[in-house]
Amino acid sequence: MKKLIAISVMLVLLTGAAFAQISGDLFVNAALLAGNTEADDIMMGGKGSNDIYGAKWSLTFGEAPGTGRIVWRLHDASMWGWFAWRPIDMLRIKLGWDRDGEFGTAQINGWGFTAGAKDLVATNDYAGGLFMSSAGRGSPWYDGFGDGEGYSFIVSLYPMEGLQINVGIPQFANTAAEMSRKIANVQASIFYNIEDIGRLSLAFVGRGGLGKDQDKTMSVGDIKASFFLTALDSIRIDLGFSMGIPFTNASDKSEGGRMAIGLGFNMPTVVENVSFKLRGGAFVGGTNAAGAALNTVIMVGILPTYQIAPGFRFYFHAGMGMEMPETGDSNMGWFVNPYISYRAGGITFWAGLKVDAPNSIGTAQQKAINWSVPFGFSANY
């Protein structure tokens, strides 16, 4: 771990010396201690807040009309990046792989809920079982081209003030059949900023069903819509809706029709030095590949914060989720994840505690309560 931190810091220093006009960040995390109620041993070091240990380094470069970004996860040596070119005000072209996603419309419930803490101490905020179901995190909102699409070609148009139209195709292929499947996974989105009111978003995410005849038993895609309200003083509200278009699969069964609904609430100033965020959502309806009804899933999470002193902030991250079948017992999960941050110049230090119970039914191991003491630091340059 010490060697990893040393290499990471060296990269920041060397990059800053080599380029005059760049920006980026570095995240390094691990867990001091970790275990669960069914384990006989306690782990020291290793897994951090997202069940990985290591670091993520990013570099953003360039100025208009051309900009780009490179991201390198040091712990598994994976790398991705993209380059965007905007030759005129009305047109932008982007090529590459943006695993962080672009055009994401979840203004509160997505990445911004815990922001950089999710790479360090925010418990499994990308994924983590029932209690952090994506029903309340991102699924009701369009999340743009991200991890699952690989390298993509995206065109954005800006025909009038406040209006943005995006069309993208993931991973060009070598054969006509492969190209047909890629085109059938097209994504298109429209964003419209209403001055002093909010932002309206509408998107289509292709799932392959518009390809050649052999793809007709696949889902056509998902429709996603959202509205981010900014008209209220000191309050932000985000509403999201998504629905998978129903289709008949290869087994002649009805599939799809799953709806996701979500709500985000952000009050940056409740009283002096105190802020509050809330997010919630649900998966409702729909059928699986066998034509059976899918379980209803709901989730809610909170994040009140308190400015303790200059540079010090306390966060109380917590939530719960429930999965409810038509018959049988409901499954419930919960987590509590308090953490603190201290910012000194361009470096922020993080430490926290996470306790979670992702299941209330199943084996003893599945019902175990997990805990860990994550820590880390982030740097901006």
# chains A, B, ... in the order shown; residues from 1 in each chain; ligands from 1
>>> residues_around(residues="Trp97 in chain A", least_positions_apart="5", cutoff="8 Å", atoms="only C-alpha atoms", output="VMD selection string")
chain A and resid 80 to 82 146 to 147 149 to 152
>>> write_last_selection(atoms="C-alpha atoms", output="JSON list (two decimals), in the first residue's frame")
[["chain", "number", "residue", "atom", "x", "y", "z"],
["A", 80, "TRP", "CA", -9.82, 4.46, -20.60],
["A", 81, "GLY", "CA", -10.20, 7.88, -22.15],
["A", 82, "TRP", "CA", -11.86, 10.08, -24.72],
["A", 146, "GLY", "CA", -20.69, 4.68, -19.63],
["A", 147, "ASP", "CA", -19.02, 1.49, -18.54],
["A", 149, "GLU", "CA", -20.85, 0.63, -23.93],
["A", 150, "GLY", "CA", -17.08, 0.61, -24.41],
["A", 151, "TYR", "CA", -15.63, 2.89, -27.08],
["A", 152, "SER", "CA", -18.32, 5.10, -28.58]]
>>> closest_atom_pairs(of="range 90-122 of chain A", to="range 163-168 of chain A", cutoff="10 Å", atoms="only C-alpha atoms", output="tab-separated table")
residue	atom	partner	partner_atom	distance
A:Met90	CA	A:Gln164	CA	9.1
A:Leu91	CA	A:Ile165	CA	9.7
A:Arg92	CA	A:Asn166	CA	9.3
A:Ile93	CA	A:Gly168	CA	9.7
A:Lys94	CA	A:Gly168	CA	9.0
A:Leu95	CA	A:Gly168	CA	9.6
A:Phe103	CA	A:Asn166	CA	8.7
>>> write_last_selection(atoms="N, CA and C atoms", output="short mmCIF file (atom, residue, chain, number, x, y, z; two decimals), in the first residue's frame")
data_model
loop_
_atom_site.label_atom_id
_atom_site.label_comp_id
_atom_site.auth_asym_id
_atom_site.auth_seq_id
_atom_site.Cartn_x
_atom_site.Cartn_y
_atom_site.Cartn_z
N MET A 90 -22.33 24.98 -32.75
CA MET A 90 -23.51 24.12 -32.87
C MET A 90 -23.19 22.64 -32.97
N LEU A 91 -21.91 22.25 -32.96
CA LEU A 91 -21.55 20.85 -33.19
C LEU A 91 -20.38 20.43 -32.30
N ARG A 92 -20.48 19.23 -31.74
CA ARG A 92 -19.38 18.62 -31.02
C ARG A 92 -19.33 17.14 -31.34
N ILE A 93 -18.12 16.61 -31.53
CA ILE A 93 -17.91 15.20 -31.83
C ILE A 93 -17.02 14.60 -30.74
N LYS A 94 -17.42 13.44 -30.24
CA LYS A 94 -16.65 12.80 -29.17
C LYS A 94 -16.39 11.34 -29.54
N LEU A 95 -15.15 10.90 -29.34
CA LEU A 95 -14.75 9.53 -29.63
C LEU A 95 -13.95 8.99 -28.46
N PHE A 103 -23.42 12.99 -20.01
CA PHE A 103 -24.83 13.34 -20.19
C PHE A 103 -25.69 12.74 -19.09
#
>>> closest_residue(among="A:Ser372, A:Gln365, A:Asn193, A:Asn109", to="Thr123 in chain A", atoms="only C-alpha atoms")
A:Ser372
>>> residues_around(residues="Gly66 in chain A", least_positions_apart="3", cutoff="7 Å", atoms="only C-alpha atoms", output="ChimeraX atom specification")
/A:62-63,84-86
>>> write_last_selection(atoms="C-alpha atoms", output="short mmCIF file (atom, residue, chain, number, x, y, z; two decimals), in the first residue's frame")
data_model
loop_
_atom_site.label_atom_id
_atom_site.label_comp_id
_atom_site.auth_asym_id
_atom_site.auth_seq_id
_atom_site.Cartn_x
_atom_site.Cartn_y
_atom_site.Cartn_z
CA GLY A 62 -6.75 20.55 -23.81
CA GLU A 63 -8.67 23.74 -24.47
CA ALA A 84 -13.98 15.69 -27.90
CA TRP A 85 -13.78 18.30 -30.67
CA ARG A 86 -16.17 21.23 -31.07
#
>>> select_by_dssp(residues="range 284-322 of chain A", states="strand (DSSP E or B)", output="list of chain:residue names")
A:Val284, A:Thr287, A:Ala293, A:Thr296, A:Val297, A:Ile298, A:Met299, A:Val300, A:Gly301, A:Ile302, A:Thr305, A:Tyr306, A:Gln307, A:Ile308, A:Ala309, A:Phe312, A:Arg313, A:Phe314, A:Tyr315, A:Phe316, A:His317, A:Ala318, A:Gly319, A:Met320, A:Gly321, A:Met322
>>> write_last_selection(atoms="C-alpha atoms", output="CSV table (one decimal), in the first residue's frame")
chain,number,residue,atom,x,y,z
A,284,VAL,CA,-42.2,-1.6,-10.3
A,287,THR,CA,-41.7,-9.6,-16.4
A,293,ALA,CA,-43.7,-10.9,-12.7
A,296,THR,CA,-41.0,-4.7,-6.5
A,297,VAL,CA,-37.9,-3.0,-5.1
A,298,ILE,CA,-37.8,0.3,-3.1
A,299,MET,CA,-34.8,2.2,-1.7
A,300,VAL,CA,-34.2,5.4,0.3
A,301,GLY,CA,-31.0,7.0,1.4
A,302,ILE,CA,-30.1,10.1,3.4
A,305,THR,CA,-23.7,16.9,6.7
A,306,TYR,CA,-22.3,19.3,9.2
A,307,GLN,CA,-19.3,21.6,8.9
A,308,ILE,CA,-17.5,21.0,12.2
A,309,ALA,CA,-14.7,23.5,11.8
A,312,PHE,CA,-13.6,19.6,8.7
A,313,ARG,CA,-16.9,18.1,7.6
A,314,PHE,CA,-19.0,15.2,9.0
A,315,TYR,CA,-21.3,13.1,6.9
A,316,PHE,CA,-24.0,10.7,8.0
A,317,HIS,CA,-24.6,8.4,5.1
A,318,ALA,CA,-27.4,5.8,5.6
A,319,GLY,CA,-30.1,4.0,3.8
A,320,MET,CA,-32.3,1.0,3.5
A,321,GLY,CA,-33.9,-1.1,0.7
A,322,MET,CA,-36.7,-3.7,0.4
>>> residues_around(residues="Ala188 in chain A", least_positions_apart="3", cutoff="12 Å", atoms="only C-alpha atoms", output="VMD selection string")
chain A and resid 103 142 to 145 153 to 157 164 to 170 183 to 185 191 201 to 206 221 to 225
>>> write_last_selection(atoms="N, CA and C atoms", output="mmCIF file, in the first residue's frame")
data_model
loop_
_atom_site.group_PDB
_atom_site.id
_atom_site.type_symbol
_atom_site.label_atom_id
_atom_site.label_comp_id
_atom_site.auth_asym_id
_atom_site.auth_seq_id
_atom_site.Cartn_x
_atom_site.Cartn_y
_atom_site.Cartn_z
ATOM 1 N N PHE A 103 -23.418 12.994 -20.010
ATOM 2 C CA PHE A 103 -24.826 13.336 -20.186
ATOM 3 C C PHE A 103 -25.693 12.742 -19.086
ATOM 4 N N TYR A 142 -31.473 8.819 -17.149
ATOM 5 C CA TYR A 142 -30.513 8.480 -18.201
ATOM 6 C C TYR A 142 -29.115 8.764 -17.692
ATOM 7 N N ASP A 143 -28.204 7.784 -17.844
ATOM 8 C CA ASP A 143 -26.851 7.983 -17.315
ATOM 9 C C ASP A 143 -25.807 8.149 -18.402
ATOM 10 N N GLY A 144 -26.231 8.294 -19.661
ATOM 11 C CA GLY A 144 -25.284 8.563 -20.733
ATOM 12 C C GLY A 144 -24.451 7.339 -21.093
ATOM 13 N N PHE A 145 -23.505 7.532 -21.999
ATOM 14 C CA PHE A 145 -22.595 6.454 -22.373
ATOM 15 C C PHE A 145 -21.633 6.207 -21.225
ATOM 16 N N PHE A 153 -18.933 6.531 -30.414
ATOM 17 C CA PHE A 153 -18.880 7.707 -31.279
ATOM 18 C C PHE A 153 -20.145 8.509 -31.015
ATOM 19 N N ILE A 154 -19.998 9.756 -30.569
ATOM 20 C CA ILE A 154 -21.135 10.567 -30.138
ATOM 21 C C ILE A 154 -21.107 11.925 -30.842
ATOM 22 N N VAL A 155 -22.255 12.332 -31.355
ATOM 23 C CA VAL A 155 -22.414 13.643 -31.978
ATOM 24 C C VAL A 155 -23.409 14.447 -31.150
ATOM 25 N N SER A 156 -23.046 15.671 -30.793
ATOM 26 C CA SER A 156 -23.928 16.564 -30.041
ATOM 27 C C SER A 156 -24.209 17.809 -30.865
ATOM 28 N N LEU A 157 -25.487 18.195 -30.925
ATOM 29 C CA LEU A 157 -25.917 19.378 -31.652
ATOM 30 C C LEU A 157 -26.501 20.385 -30.674
ATOM 31 N N GLN A 164 -29.875 20.884 -26.317
ATOM 32 C CA GLN A 164 -28.776 20.001 -26.704
ATOM 33 C C GLN A 164 -29.345 18.665 -27.149
ATOM 34 N N ILE A 165 -28.891 18.179 -28.321
ATOM 35 C CA ILE A 165 -29.335 16.904 -28.880
ATOM 36 C C ILE A 165 -28.109 16.010 -29.053
ATOM 37 N N ASN A 166 -28.160 14.786 -28.528
ATOM 38 C CA ASN A 166 -27.016 13.874 -28.579
ATOM 39 C C ASN A 166 -27.431 12.550 -29.200
ATOM 40 N N VAL A 167 -26.587 12.034 -30.095
ATOM 41 C CA VAL A 167 -26.793 10.726 -30.705
ATOM 42 C C VAL A 167 -25.465 9.990 -30.677
ATOM 43 N N GLY A 168 -25.491 8.739 -30.201
ATOM 44 C CA GLY A 168 -24.243 7.996 -30.107
ATOM 45 C C GLY A 168 -24.417 6.529 -30.420
ATOM 46 N N ILE A 169 -23.358 5.920 -30.974
ATOM 47 C CA ILE A 169 -23.328 4.492 -31.281
ATOM 48 C C ILE A 169 -22.121 3.888 -30.575
ATOM 49 N N PRO A 170 -22.317 2.814 -29.788
ATOM 50 C CA PRO A 170 -21.181 2.208 -29.093
ATOM 51 C C PRO A 170 -20.405 1.243 -29.974
ATOM 52 N N ILE A 183 -25.688 -0.550 -34.127
ATOM 53 C CA ILE A 183 -26.627 0.531 -34.439
ATOM 54 C C ILE A 183 -27.924 0.349 -33.652
ATOM 55 N N ALA A 184 -28.309 -0.926 -33.426
ATOM 56 C CA ALA A 184 -29.519 -1.199 -32.658
ATOM 57 C C ALA A 184 -29.357 -0.841 -31.190
ATOM 58 N N ASN A 185 -28.124 -0.548 -30.776
ATOM 59 C CA ASN A 185 -27.867 -0.097 -29.404
ATOM 60 C C ASN A 185 -27.605 1.412 -29.356
ATOM 61 N N PHE A 191 -31.797 17.434 -24.168
ATOM 62 C CA PHE A 191 -31.800 18.203 -22.931
ATOM 63 C C PHE A 191 -32.251 19.632 -23.246
ATOM 64 N N SER A 201 -35.211 16.483 -19.536
ATOM 65 C CA SER A 201 -34.399 15.516 -20.275
ATOM 66 C C SER A 201 -35.267 14.372 -20.775
ATOM 67 N N LEU A 202 -34.977 13.915 -21.982
ATOM 68 C CA LEU A 202 -35.666 12.772 -22.571
ATOM 69 C C LEU A 202 -34.628 11.954 -23.332
ATOM 70 N N ALA A 203 -34.635 10.624 -23.151
ATOM 71 C CA ALA A 203 -33.611 9.796 -23.781
ATOM 72 C C ALA A 203 -34.173 8.445 -24.205
ATOM 73 N N PHE A 204 -33.547 7.870 -25.233
ATOM 74 C CA PHE A 204 -33.822 6.501 -25.672
ATOM 75 C C PHE A 204 -32.507 5.728 -25.639
ATOM 76 N N VAL A 205 -32.532 4.564 -25.003
ATOM 77 C CA VAL A 205 -31.345 3.707 -24.907
ATOM 78 C C VAL A 205 -31.653 2.398 -25.618
ATOM 79 N N GLY A 206 -31.054 2.185 -26.781
ATOM 80 C CA GLY A 206 -31.300 0.971 -27.544
ATOM 81 C C GLY A 206 -30.747 -0.269 -26.870
ATOM 82 N N GLY A 221 -35.555 -1.268 -26.370
ATOM 83 C CA GLY A 221 -34.804 -0.291 -25.597
ATOM 84 C C GLY A 221 -35.577 0.252 -24.419
ATOM 85 N N ASP A 222 -35.017 1.268 -23.813
ATOM 86 C CA ASP A 222 -35.604 1.924 -22.643
ATOM 87 C C ASP A 222 -35.898 3.384 -22.969
ATOM 88 N N ILE A 223 -36.974 3.877 -22.417
ATOM 89 C CA ILE A 223 -37.309 5.293 -22.486
ATOM 90 C C ILE A 223 -37.052 5.904 -21.116
ATOM 91 N N LYS A 224 -36.334 7.029 -21.079
ATOM 92 C CA LYS A 224 -36.014 7.675 -19.812
ATOM 93 C C LYS A 224 -36.356 9.161 -19.894
ATOM 94 N N ALA A 225 -36.970 9.673 -18.824
ATOM 95 C CA ALA A 225 -37.334 11.085 -18.766
ATOM 96 C C ALA A 225 -37.071 11.608 -17.364
#
>>> atom_distance(atom1="CA of Thr230 in chain A", atom2="CA of Met267 in chain A")
11.3 Å
>>> closest_atom_pairs(of="range 128-219 of chain A", to="range 242-248 of chain A", cutoff="7 Å", atoms="only C-alpha atoms", output="tab-separated table")
residue	atom	partner	partner_atom	distance
A:Pro140	CA	A:Ser242	CA	4.8
A:Trp141	CA	A:Ser242	CA	6.6
A:Thr217	CA	A:Thr248	CA	5.8
A:Ser219	CA	A:Phe247	CA	5.8
>>> write_last_selection(atoms="C-alpha atoms", output="JSON list (two decimals), in the first residue's frame")
[["chain", "number", "residue", "atom", "x", "y", "z"],
["A", 140, "PRO", "CA", -34.75, 6.16, -13.22],
["A", 141, "TRP", "CA", -32.43, 8.66, -14.95],
["A", 217, "THR", "CA", -36.56, -11.14, -29.89],
["A", 219, "SER", "CA", -35.61, -5.56, -26.17]]
>>> residues_around(residues="Thr114 in chain A", least_positions_apart="3", cutoff="10 Å", atoms="only C-alpha atoms", output="PyMOL selection string")
chain A and resi 108-111+117-119+121-123+125+277+303+315+317
>>> residues_around(residues="range 329-333 of chain A", least_positions_apart="3", cutoff="8 Å", atoms="only C-alpha atoms", output="list in words")
Leu130, Phe131, Met320, Gly321, Met322, Glu323, Met324, Pro325, Asp356, Ala357, Pro358, Asn359, Ser360 and Ile361 of chain A
>>> write_last_selection(atoms="C-alpha atoms", output="JSON list (two decimals), in the first residue's frame")
[["chain", "number", "residue", "atom", "x", "y", "z"],
["A", 130, "LEU", "CA", -30.29, -4.68, -2.08],
["A", 131, "PHE", "CA", -29.75, -1.80, 0.33],
["A", 320, "MET", "CA", -32.31, 0.97, 3.46],
["A", 321, "GLY", "CA", -33.95, -1.08, 0.74],
["A", 322, "MET", "CA", -36.68, -3.69, 0.44],
["A", 323, "GLU", "CA", -37.53, -6.31, -2.19],
["A", 324, "MET", "CA", -41.13, -7.48, -2.15],
["A", 325, "PRO", "CA", -42.22, -10.56, -4.13],
["A", 356, "ASP", "CA", -24.28, -3.01, 6.46],
["A", 357, "ALA", "CA", -26.70, -5.92, 6.38],
["A", 358, "PRO", "CA", -27.69, -6.43, 2.72],
["A", 359, "ASN", "CA", -30.13, -9.31, 3.34],
["A", 360, "SER", "CA", -32.70, -10.35, 5.93],
["A", 361, "ILE", "CA", -33.37, -13.78, 4.40]]
>>> select_by_dssp(residues="range 156-277 of chain A", states="helix (DSSP H, G or I)", output="number ranges by chain")
A: 176-183, 213-215
>>> write_last_selection(atoms="C-alpha atoms", output="compact mmCIF listing (two decimals), in the first residue's frame")
# COMPACT_ATOMS: atom_id res chain seq x y z
CA ALA A 176 -22.46 -5.88 -41.33
CA ALA A 177 -24.27 -8.09 -38.81
CA GLU A 178 -22.16 -6.75 -35.96
CA MET A 179 -22.69 -3.21 -37.19
CA SER A 180 -26.45 -3.81 -37.24
CA ARG A 181 -26.37 -4.88 -33.60
CA LYS A 182 -24.30 -1.85 -32.64
CA ILE A 183 -26.63 0.53 -34.44
CA ASP A 213 -34.25 -10.33 -37.93
CA GLN A 214 -32.29 -12.51 -35.51
CA ASP A 215 -32.33 -9.65 -33.00
>>> residues_around(residues="Gly346 in chain A", least_positions_apart="2", cutoff="10 Å", atoms="only C-alpha atoms", output="ChimeraX atom specification")
/A:25,343-344,348,378-381
>>> decode(residues="range 146-157 of chain A", atoms="N, CA and C atoms", output="PDB file, in the first residue's frame")
ATOM      1  N   GLY A 146     -21.536   4.966 -20.772  1.00  0.00           N
ATOM      2  CA  GLY A 146     -20.695   4.679 -19.625  1.00  0.00           C
ATOM      3  C   GLY A 146     -19.941   3.387 -19.756  1.00  0.00           C
ATOM      4  N   ASP A 147     -19.881   2.655 -18.635  1.00  0.00           N
ATOM      5  CA  ASP A 147     -19.018   1.491 -18.541  1.00  0.00           C
ATOM      6  C   ASP A 147     -19.402   0.389 -19.509  1.00  0.00           C
ATOM      7  N   GLY A 148     -20.685   0.158 -19.709  1.00  0.00           N
ATOM      8  CA  GLY A 148     -21.113  -0.986 -20.496  1.00  0.00           C
ATOM      9  C   GLY A 148     -20.989  -0.817 -21.993  1.00  0.00           C
ATOM     10  N   GLU A 149     -20.838   0.410 -22.485  1.00  0.00           N
ATOM     11  CA  GLU A 149     -20.851   0.633 -23.931  1.00  0.00           C
ATOM     12  C   GLU A 149     -19.477   0.552 -24.587  1.00  0.00           C
ATOM     13  N   GLY A 150     -18.408   0.622 -23.822  1.00  0.00           N
ATOM     14  CA  GLY A 150     -17.076   0.605 -24.415  1.00  0.00           C
ATOM     15  C   GLY A 150     -16.815   1.860 -25.227  1.00  0.00           C
ATOM     16  N   TYR A 151     -15.960   1.736 -26.246  1.00  0.00           N
ATOM     17  CA  TYR A 151     -15.625   2.892 -27.077  1.00  0.00           C
ATOM     18  C   TYR A 151     -16.831   3.303 -27.921  1.00  0.00           C
ATOM     19  N   SER A 152     -17.100   4.600 -27.956  1.00  0.00           N
ATOM     20  CA  SER A 152     -18.320   5.098 -28.584  1.00  0.00           C
ATOM     21  C   SER A 152     -18.024   6.308 -29.468  1.00  0.00           C
ATOM     22  N   PHE A 153     -18.933   6.531 -30.414  1.00  0.00           N
ATOM     23  CA  PHE A 153     -18.880   7.707 -31.279  1.00  0.00           C
ATOM     24  C   PHE A 153     -20.145   8.509 -31.015  1.00  0.00           C
ATOM     25  N   ILE A 154     -19.998   9.756 -30.569  1.00  0.00           N
ATOM     26  CA  ILE A 154     -21.135  10.567 -30.138  1.00  0.00           C
ATOM     27  C   ILE A 154     -21.107  11.925 -30.842  1.00  0.00           C
ATOM     28  N   VAL A 155     -22.255  12.332 -31.355  1.00  0.00           N
ATOM     29  CA  VAL A 155     -22.414  13.643 -31.978  1.00  0.00           C
ATOM     30  C   VAL A 155     -23.409  14.447 -31.150  1.00  0.00           C
ATOM     31  N   SER A 156     -23.046  15.671 -30.793  1.00  0.00           N
ATOM     32  CA  SER A 156     -23.928  16.564 -30.041  1.00  0.00           C
ATOM     33  C   SER A 156     -24.209  17.809 -30.865  1.00  0.00           C
ATOM     34  N   LEU A 157     -25.487  18.195 -30.925  1.00  0.00           N
ATOM     35  CA  LEU A 157     -25.917  19.378 -31.652  1.00  0.00           C
ATOM     36  C   LEU A 157     -26.501  20.385 -30.674  1.00  0.00           C
TER      37      LEU A 157
END
